[in-house]
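**Student:** See protein16.pdb below, with PDB, C-alpha atoms.
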```
MODEL        1
ATOM      1  CA  MET A  20       0.000   0.000   0.000
ATOM      2  CA  THR A  21       1.291   3.434  -0.977
ATOM      3  CA  THR A  22       1.859   5.880   1.877
ATOM      4  CA  PHE A  23       1.767   9.682   1.615
ATOM      5  CA  GLU A  24       3.212  11.974   4.240
ATOM      6  CA  ILE A  25       3.648  15.734   4.681
ATOM      7  CA  ARG A  26       6.592  16.969   6.748
ATOM      8  CA  PRO A  27       8.233  20.341   7.316
ATOM      9  CA  ALA A  28      10.649  20.924   4.427
ATOM     10  CA  LYS A  29      14.365  21.267   5.070
ATOM     11  CA  PRO A  30      16.895  23.269   3.003
ATOM     12  CA  TRP A  31      18.510  20.121   1.572
ATOM     13  CA  HIS A  32      15.176  19.098   0.046
ATOM     14  CA  CYS A  33      15.661  21.900  -2.537
ATOM     15  CA  GLY A  34      18.695  20.204  -4.085
ATOM     16  CA  GLN A  35      16.980  16.815  -4.030
ATOM     17  CA  MET A  36      13.817  18.204  -5.593
ATOM     18  CA  SER A  37      15.735  19.995  -8.349
ATOM     19  CA  ARG A  38      17.060  16.586  -9.474
ATOM     20  CA  LEU A  39      13.592  14.987  -9.287
ATOM     21  CA  LEU A  40      11.524  17.719 -11.001
ATOM     22  CA  ARG A  41       8.941  16.865 -13.624
ATOM     23  CA  ARG A  42      10.439  17.186 -17.084
ATOM     24  CA  GLU A  43       7.906  19.893 -18.124
ATOM     25  CA  HIS A  44       8.675  21.972 -15.024
ATOM     26  CA  HIS A  45      12.429  21.737 -15.576
ATOM     27  CA  GLU A  46      12.110  22.665 -19.284
ATOM     28  CA  ALA A  47       9.788  25.584 -18.488
ATOM     29  CA  ALA A  48      12.304  26.915 -15.952
ATOM     30  CA  LEU A  49      15.089  26.696 -18.537
ATOM     31  CA  ARG A  50      12.982  28.626 -21.096
ATOM     32  CA  VAL A  51      12.683  31.548 -18.701
ATOM     33  CA  GLY A  52      16.332  31.393 -17.691
ATOM     34  CA  LEU A  53      15.936  29.943 -14.206
ATOM     35  CA  ASP A  54      18.262  27.433 -12.607
ATOM     36  CA  SER A  55      15.925  24.956 -10.890
ATOM     37  CA  ARG A  56      18.140  24.349  -7.869
ATOM     38  CA  ARG A  57      18.869  28.016  -7.220
ATOM     39  CA  GLY A  58      15.238  28.980  -7.898
ATOM     40  CA  LEU A  59      13.918  26.438  -5.398
ATOM     41  CA  ARG A  60      16.493  27.460  -2.797
ATOM     42  CA  ASP A  61      15.686  31.165  -3.254
ATOM     43  CA  ILE A  62      11.922  30.783  -2.958
ATOM     44  CA  TYR A  63      12.349  28.347  -0.062
ATOM     45  CA  GLY A  64      14.397  30.991   1.749
ATOM     46  CA  GLN A  65      11.706  33.633   1.174
ATOM     47  CA  SER A  66       8.864  31.417   2.397
ATOM     48  CA  TYR A  67       7.374  31.329   5.865
ATOM     49  CA  TYR A  68       5.498  28.080   5.163
ATOM     50  CA  ARG A  69       7.441  25.138   3.672
ATOM     51  CA  ARG A  70       6.333  21.530   3.295
ATOM     52  CA  ALA A  71       7.759  18.391   1.721
ATOM     53  CA  TRP A  72       5.551  15.605   0.370
ATOM     54  CA  PHE A  73       6.790  12.038   0.583
ATOM     55  CA  ILE A  74       5.486   8.978  -1.241
ATOM     56  CA  ASP A  75       6.570   5.702   0.363
ATOM     57  CA  GLY A  76       9.304   7.623   2.176
ATOM     58  CA  ASP A  77      10.728   9.241  -0.989
ATOM     59  CA  LEU A  78      10.627  12.982  -1.638
ATOM     60  CA  ALA A  79       7.947  13.635  -4.271
ATOM     61  CA  GLY A  80       7.006  17.279  -3.803
ATOM     62  CA  LEU A  81       8.102  20.518  -2.250
ATOM     63  CA  GLY A  82       6.045  23.642  -1.765
ATOM     64  CA  GLY A  83       5.324  26.626   0.349
ATOM     65  CA  VAL A  84       4.044  30.158   0.664
ATOM     66  CA  LYS A  85       6.212  33.200   0.069
ATOM     67  CA  GLY A  86       5.316  36.359   1.906
ATOM     68  CA  SER A  87       4.328  37.209   5.423
ATOM     69  CA  LEU A  88       2.158  35.171   7.749
ATOM     70  CA  LEU A  89       0.427  38.439   8.698
ATOM     71  CA  SER A  90      -0.366  39.438   5.121
ATOM     72  CA  PRO A  91      -3.881  38.832   3.760
ATOM     73  CA  SER A  92      -2.279  37.331   0.628
ATOM     74  CA  GLY A  93       0.553  34.942  -0.140
ATOM     75  CA  PHE A  94       2.393  33.497  -3.133
ATOM     76  CA  VAL A  95       2.043  29.708  -3.417
ATOM     77  CA  TRP A  96       4.747  27.616  -5.105
ATOM     78  CA  VAL A  97       4.964  23.876  -5.722
ATOM     79  CA  ALA A  98       7.507  21.562  -7.344
ATOM     80  CA  LEU A  99       6.565  17.943  -8.035
ATOM     81  CA  SER A 100       8.614  14.938  -9.071
ATOM     82  CA  GLN A 101       7.876  12.684 -12.005
ATOM     83  CA  LYS A 102       6.932   9.970  -9.466
ATOM     84  CA  ALA A 103       4.255  12.258  -7.988
ATOM     85  CA  THR A 104       2.482  12.469 -11.353
ATOM     86  CA  ARG A 105       1.508   8.805 -10.988
ATOM     87  CA  TYR A 106      -0.847   9.832  -8.153
ATOM     88  CA  PRO A 107      -3.027  12.671  -9.512
ATOM     89  CA  LYS A 108      -5.877  12.124  -7.038
ATOM     90  CA  ALA A 109      -3.460  12.250  -4.109
ATOM     91  CA  ILE A 110      -1.908  15.460  -5.486
ATOM     92  CA  ILE A 111      -5.333  17.123  -5.748
ATOM     93  CA  GLN A 112      -6.450  15.934  -2.299
ATOM     94  CA  GLU A 113      -3.271  17.112  -0.578
ATOM     95  CA  ALA A 114      -3.224  20.412  -2.455
ATOM     96  CA  ARG A 115      -6.816  21.084  -1.393
ATOM     97  CA  ARG A 116      -5.970  20.260   2.245
ATOM     98  CA  GLN A 117      -3.045  22.671   2.115
ATOM     99  CA  LEU A 118      -5.140  25.411   0.456
ATOM    100  CA  ASP A 119      -7.894  24.998   3.064
ATOM    101  CA  PHE A 120      -5.292  25.338   5.818
ATOM    102  CA  LEU A 121      -3.704  28.404   4.222
ATOM    103  CA  MET A 122      -7.057  30.101   3.664
ATOM    104  CA  GLN A 123      -7.594  30.138   7.432
ATOM    105  CA  THR A 124      -5.083  33.006   7.601
ATOM    106  CA  HIS A 125      -5.206  34.479   4.079
ATOM    107  CA  ARG A 126      -7.926  36.123   1.997
ATOM    108  CA  GLU A 127      -6.224  35.267  -1.282
ATOM    109  CA  LEU A 128      -3.323  33.306  -2.688
ATOM    110  CA  HIS A 129      -1.392  33.843  -5.904
ATOM    111  CA  THR A 130       0.819  31.757  -8.143
ATOM    112  CA  THR A 131       2.301  31.854 -11.621
ATOM    113  CA  ILE A 132       2.445  29.265 -14.351
ATOM    114  CA  ILE A 133       5.098  29.279 -17.047
ATOM    115  CA  GLY A 134       4.074  28.866 -20.675
ATOM    116  CA  GLY A 135       4.486  25.301 -21.875
ATOM    117  CA  ASP A 136       3.964  23.627 -18.491
ATOM    118  CA  GLU A 137       0.543  22.198 -19.301
ATOM    119  CA  ALA A 138       0.417  19.930 -16.232
ATOM    120  CA  ALA A 139       0.935  22.907 -13.910
ATOM    121  CA  LYS A 140      -1.790  24.827 -15.750
ATOM    122  CA  ARG A 141      -4.239  21.921 -15.413
ATOM    123  CA  LEU A 142      -3.449  21.531 -11.703
ATOM    124  CA  VAL A 143      -3.935  25.157 -10.701
ATOM    125  CA  ILE A 144      -7.092  25.462 -12.802
ATOM    126  CA  HIS A 145      -8.494  22.301 -11.220
ATOM    127  CA  LEU A 146      -7.748  23.689  -7.751
ATOM    128  CA  GLY A 147      -9.729  26.873  -8.451
ATOM    129  CA  PHE A 148      -7.082  29.429  -9.394
ATOM    130  CA  HIS A 149      -8.147  32.038 -11.953
ATOM    131  CA  VAL A 150      -6.865  35.027 -13.934
ATOM    132  CA  THR A 151      -9.919  37.306 -13.590
ATOM    133  CA  ASP A 152     -12.783  37.460 -11.126
ATOM    134  CA  HIS A 153     -15.476  37.391 -13.823
ATOM    135  CA  GLY A 154     -15.975  36.160 -17.363
ATOM    136  CA  GLU A 155     -13.882  33.643 -19.256
ATOM    137  CA  GLY A 156     -10.860  34.081 -16.977
ATOM    138  CA  ALA A 157     -12.844  33.290 -13.812
ATOM    139  CA  ALA A 158     -12.335  30.128 -11.795
ATOM    140  CA  GLY A 159     -13.881  27.017 -13.281
ATOM    141  CA  TYR A 160     -15.428  24.468 -10.931
ATOM    142  CA  THR A 161     -16.953  22.231 -13.582
ATOM    143  CA  ARG A 162     -15.336  20.454 -16.538
ATOM    144  CA  TYR A 163     -16.775  23.140 -18.831
ATOM    145  CA  GLY A 164     -15.581  25.958 -16.571
ATOM    146  CA  ARG A 165     -12.047  24.554 -16.358
ATOM    147  CA  LYS A 166     -11.881  24.102 -20.153
ATOM    148  CA  ARG A 167     -13.158  27.661 -20.668
ATOM    149  CA  LEU A 168     -10.417  29.025 -18.394
ATOM    150  CA  ALA A 169      -7.676  26.905 -20.026
ATOM    151  CA  ASP A 170      -8.764  28.093 -23.478
ATOM    152  CA  PHE A 171      -8.787  31.712 -22.251
ATOM    153  CA  ILE A 172      -5.219  31.368 -20.937
ATOM    154  CA  ASP A 173      -4.094  29.845 -24.238
ATOM    155  CA  ARG A 174      -5.563  32.536 -26.476
ATOM    156  CA  GLU A 175      -5.429  35.774 -24.436
ATOM    157  CA  PRO A 176      -2.070  37.523 -24.959
ATOM    158  CA  ALA A 177      -2.916  40.373 -22.551
ATOM    159  CA  ILE A 178      -2.540  38.096 -19.492
ATOM    160  CA  ARG A 179       0.913  36.814 -20.524
ATOM    161  CA  ILE A 180       3.927  38.427 -18.918
ATOM    162  CA  PRO A 181       7.020  38.022 -21.149
ATOM    163  CA  PHE A 182       9.659  36.092 -19.241
ATOM    164  CA  GLY A 183      12.880  34.864 -20.854
ATOM    165  CA  LYS A 184      12.046  32.913 -24.007
ATOM    166  CA  SER A 185       8.547  32.193 -22.725
ATOM    167  CA  PHE A 186       5.906  33.873 -20.582
ATOM    168  CA  ALA A 187       4.244  33.592 -17.192
ATOM    169  CA  VAL A 188       0.586  33.904 -16.251
ATOM    170  CA  PHE A 189      -0.296  35.331 -12.840
ATOM    171  CA  MET A 190      -3.236  33.535 -11.174
ATOM    172  CA  GLY A 191      -5.221  34.072  -7.986
ATOM    173  CA  TYR A 192      -7.256  31.943  -5.595
ATOM    174  CA  HIS A 193     -10.102  32.947  -3.271
ATOM    175  CA  ALA A 194     -11.945  30.749  -0.799
ATOM    176  CA  GLU A 195     -15.409  31.253  -2.248
ATOM    177  CA  MET A 196     -16.439  28.751  -4.893
ATOM    178  CA  GLY A 197     -18.694  29.380  -7.862
ATOM    179  CA  ASP A 198     -20.339  27.079 -10.372
ATOM    180  CA  GLY A 199     -18.694  28.420 -13.572
TER
ENDMDL
END
```
Step by step, read the file and then write its structure as structure tokens.
**Tutor:**
Amino acid sequence: MTTFEIRPAKPWHCGQMSRLLRREHHEAALRVGLDSRRGLRDIYGQSYYRRAWFIDGDLAGLGGVKGSLLSPSGFVWVALSQKATRYPKAIIQEARRQLDFLMQTHRELHTTIIGGDEAAKRLVIHLGFHVTDHGEGAAGYTRYGRKRLADFIDREPAIRIPFGKSFAVFMGYHAEMGDG
């Protein structure tokens, strides 16, 4: 039986995770000129909340929240291993638990996705992140709503922030849920 465990992350997990990153995540980081190891270490150091996700005792994910515990908003970051992708339901369940916990002290959370990392885009859309509060860029809580948002991200150049040889899309998350 597969076991999943969340533990406080340690600095050495950044180096481990940089070697285990999903291929798409690693390639997206390279397109924008980021060194995965240094990027993880930097954001880890700027985060007040840091967690490591283990599958059967092996590091499979690393994430946290950058910002201040006292701020009404925070910047969420996550790095997953290739092994983690074999457990999509567990990823969604744990991510939702973490978001519920974080929303006890925050009014909103933010994250970015890098162009070309389709798995990251699908994950954050499925979790309820959005690019606008209303219309096609609003959060999608149904299959149709998620597809509408993904299509909007793909075709709307105004939401893309040029970054290296690619782009980033800034997304937000609020506790209230709609039916779009």
**Student:** Expand the PyMOL selection byres ((chain A and resi 60-76) around 6) into the individual residues it matches in the shown file, reporting them as number ranges by chain.
**Tutor:** A: 21-28, 33, 57-59, 77-85
**Student:** Name the residues that the PyMOL selection byres ((chain A and resi 124-130) around 9) pulls out of this structure, and write them as JSON, numbers by chain.
**Tutor:** {"A": [84, 88, 89, 90, 91, 92, 93, 94, 95, 96, 118, 120, 121, 122, 123, 131, 132, 143, 148, 188, 189, 190, 191, 192, 193, 194]}
**Student:** Go through A:Glu175, A:Lys108, A:Lys29, A:Ile144 and flag the residue nearest Tyr163 of chain A, using all atoms listed in the file for the distances.
**Tutor:**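 Smallest separation from Tyr163 of chain A among the options: A:Ile144.
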**Student:** With the PyMOL selection byres ((chain A and resi 182) around 10) as the selection, what would be picked from this file? Answer as an NGL selection string, please.
**Tutor:** :A and (50-52 or 133-134 or 179-181 or 183-188)
**Student:** Which is closest to Thr104 of chain A among A:Gly154, A:Arg41, A:Tyr160, A:Ala48, if we use all atoms listed in the file?
**Tutor:**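 Looking at the shortest contact to Thr104 of chain A, the residue is A:Arg41.
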**Student:** Can you tell me which residues surround Leu146 of chain A at a distance of at most 8 Å, considering all atoms listed in the file, apart from same-chain residues fewer than 5 positions away, and format the answer as a list in words?
**Tutor:**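 Here the answer would be Ile111, Ala114 and Arg115 of chain A.
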**Student:** Tell me, in Å to one decimal, how far atom CA of Leu39 of chain A is from atom CA of Asp119 of chain A.
**Tutor:**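 Computed distance, atom CA of Leu39 of chain A to atom CA of Asp119 of chain A, equals 26.7 Å.
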**Student:** Report, in Å to a single decimal, how far apart atom CA of Leu168 of chain A and atom CA of Thr151 of chain A are.
**Tutor:**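 Between these atoms lies a distance of 9.6 Å.
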**Student:** Kindly indicate which residue among A:Asp152, A:Ala98, A:Ala157, A:Ala177 lies nearest to Arg38 of chain A, using only C-alpha atoms for the distances.
**Tutor:** A:Ala98
**Student:** Using atom CA of Ile178 of chain A and atom CA of Asp136 of chain A as the two end points, give the distance in Å to one decimal.
**Tutor:**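 Those two atoms sit 15.9 Å apart.
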**Student:** Would you mind telling me which residue in A:Gly34, A:Val97, A:Leu49, A:Arg141 lies nearest to Glu113 of chain A when using all atoms listed in the file?
**Tutor:** A:Val97
**Student:** May I ask which of the residues A:Lys166, A:Ala139, A:Gln35, A:Leu40 is the closest one to Ala103 of chain A, counting only C-alpha atoms?
**Tutor:** A:Leu40
**Student:** Mind rebuilding segment 66-77 of chain A with all heavy atoms and writing that out as a short mmCIF file (atom, residue, chain, number, x, y, z; two decimals), in the coordinates of the input?
**Tutor:**
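Now in result_13.cif:
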```cif
data_model
loop_
_atom_site.label_atom_id
_atom_site.label_comp_id
_atom_site.auth_asym_id
_atom_site.auth_seq_id
_atom_site.Cartn_x
_atom_site.Cartn_y
_atom_site.Cartn_z
N SER A 66 10.18 31.94 2.00
CA SER A 66 8.86 31.42 2.40
C SER A 66 8.76 31.22 3.90
O SER A 66 9.69 30.74 4.54
CB SER A 66 8.61 30.08 1.69
OG SER A 66 8.60 30.26 0.30
N TYR A 67 7.62 31.56 4.45
CA TYR A 67 7.37 31.33 5.86
C TYR A 67 6.74 29.95 6.10
O TYR A 67 6.77 29.42 7.21
CB TYR A 67 6.48 32.43 6.45
CG TYR A 67 5.04 32.34 6.00
CD1 TYR A 67 4.12 31.56 6.70
CD2 TYR A 67 4.62 33.02 4.87
CE1 TYR A 67 2.81 31.46 6.26
CE2 TYR A 67 3.32 32.93 4.44
CZ TYR A 67 2.43 32.15 5.13
OH TYR A 67 1.13 32.04 4.70
N TYR A 68 6.16 29.38 5.07
CA TYR A 68 5.50 28.08 5.16
C TYR A 68 6.15 27.18 4.12
O TYR A 68 6.14 27.50 2.93
CB TYR A 68 4.00 28.26 4.88
CG TYR A 68 3.17 27.00 5.02
CD1 TYR A 68 2.76 26.55 6.26
CD2 TYR A 68 2.78 26.28 3.89
CE1 TYR A 68 1.98 25.40 6.39
CE2 TYR A 68 2.01 25.14 4.01
CZ TYR A 68 1.61 24.70 5.27
OH TYR A 68 0.84 23.57 5.39
N ARG A 69 6.72 26.04 4.58
CA ARG A 69 7.44 25.14 3.67
C ARG A 69 7.09 23.71 4.05
O ARG A 69 7.23 23.31 5.20
CB ARG A 69 8.94 25.32 3.82
CG ARG A 69 9.41 26.73 3.73
CD ARG A 69 10.86 26.78 4.21
NE ARG A 69 11.34 28.13 4.30
CZ ARG A 69 11.87 28.64 5.41
NH1 ARG A 69 12.00 27.93 6.50
NH2 ARG A 69 12.29 29.88 5.40
N ARG A 70 6.69 22.93 3.04
CA ARG A 70 6.33 21.53 3.30
C ARG A 70 6.93 20.64 2.22
O ARG A 70 7.08 21.03 1.06
CB ARG A 70 4.81 21.34 3.31
CG ARG A 70 4.10 22.03 4.46
CD ARG A 70 4.52 21.45 5.81
NE ARG A 70 3.87 22.07 6.92
CZ ARG A 70 4.36 23.09 7.63
NH1 ARG A 70 5.51 23.62 7.30
NH2 ARG A 70 3.71 23.59 8.64
N ALA A 71 7.26 19.42 2.64
CA ALA A 71 7.76 18.39 1.72
C ALA A 71 6.75 17.25 1.71
O ALA A 71 6.19 16.89 2.76
CB ALA A 71 9.13 17.89 2.17
N TRP A 72 6.51 16.70 0.54
CA TRP A 72 5.55 15.60 0.37
C TRP A 72 6.33 14.35 0.03
O TRP A 72 7.16 14.36 -0.89
CB TRP A 72 4.57 15.95 -0.74
CG TRP A 72 3.42 15.01 -0.91
CD1 TRP A 72 2.68 14.43 0.09
CD2 TRP A 72 2.86 14.56 -2.14
NE1 TRP A 72 1.69 13.67 -0.45
CE2 TRP A 72 1.77 13.71 -1.82
CE3 TRP A 72 3.15 14.78 -3.48
CZ2 TRP A 72 1.00 13.10 -2.79
CZ3 TRP A 72 2.38 14.17 -4.44
CH2 TRP A 72 1.32 13.33 -4.10
N PHE A 73 6.08 13.30 0.78
CA PHE A 73 6.79 12.04 0.58
C PHE A 73 5.82 10.96 0.15
O PHE A 73 4.71 10.86 0.68
CB PHE A 73 7.49 11.61 1.88
CG PHE A 73 8.60 12.54 2.27
CD1 PHE A 73 8.33 13.70 2.99
CD2 PHE A 73 9.91 12.27 1.91
CE1 PHE A 73 9.35 14.57 3.34
CE2 PHE A 73 10.93 13.14 2.26
CZ PHE A 73 10.65 14.29 2.98
N ILE A 74 6.24 10.14 -0.81
CA ILE A 74 5.49 8.98 -1.24
C ILE A 74 6.34 7.77 -0.92
O ILE A 74 7.47 7.66 -1.42
CB ILE A 74 5.16 9.03 -2.75
CG1 ILE A 74 4.32 10.26 -3.07
CG2 ILE A 74 4.44 7.75 -3.19
CD1 ILE A 74 4.08 10.47 -4.56
N ASP A 75 5.83 6.89 -0.07
CA ASP A 75 6.57 5.70 0.36
C ASP A 75 7.96 6.07 0.87
O ASP A 75 8.94 5.38 0.62
CB ASP A 75 6.68 4.67 -0.77
CG ASP A 75 5.33 4.06 -1.12
OD1 ASP A 75 4.45 4.00 -0.24
OD2 ASP A 75 5.17 3.66 -2.29
N GLY A 76 8.05 7.19 1.58
CA GLY A 76 9.30 7.62 2.18
C GLY A 76 10.23 8.39 1.26
O GLY A 76 11.27 8.89 1.70
N ASP A 77 9.89 8.52 -0.03
CA ASP A 77 10.73 9.24 -0.99
C ASP A 77 10.16 10.63 -1.25
O ASP A 77 8.95 10.79 -1.42
CB ASP A 77 10.79 8.49 -2.32
CG ASP A 77 11.44 7.12 -2.21
OD1 ASP A 77 12.37 6.97 -1.38
OD2 ASP A 77 11.01 6.21 -2.94
#
```
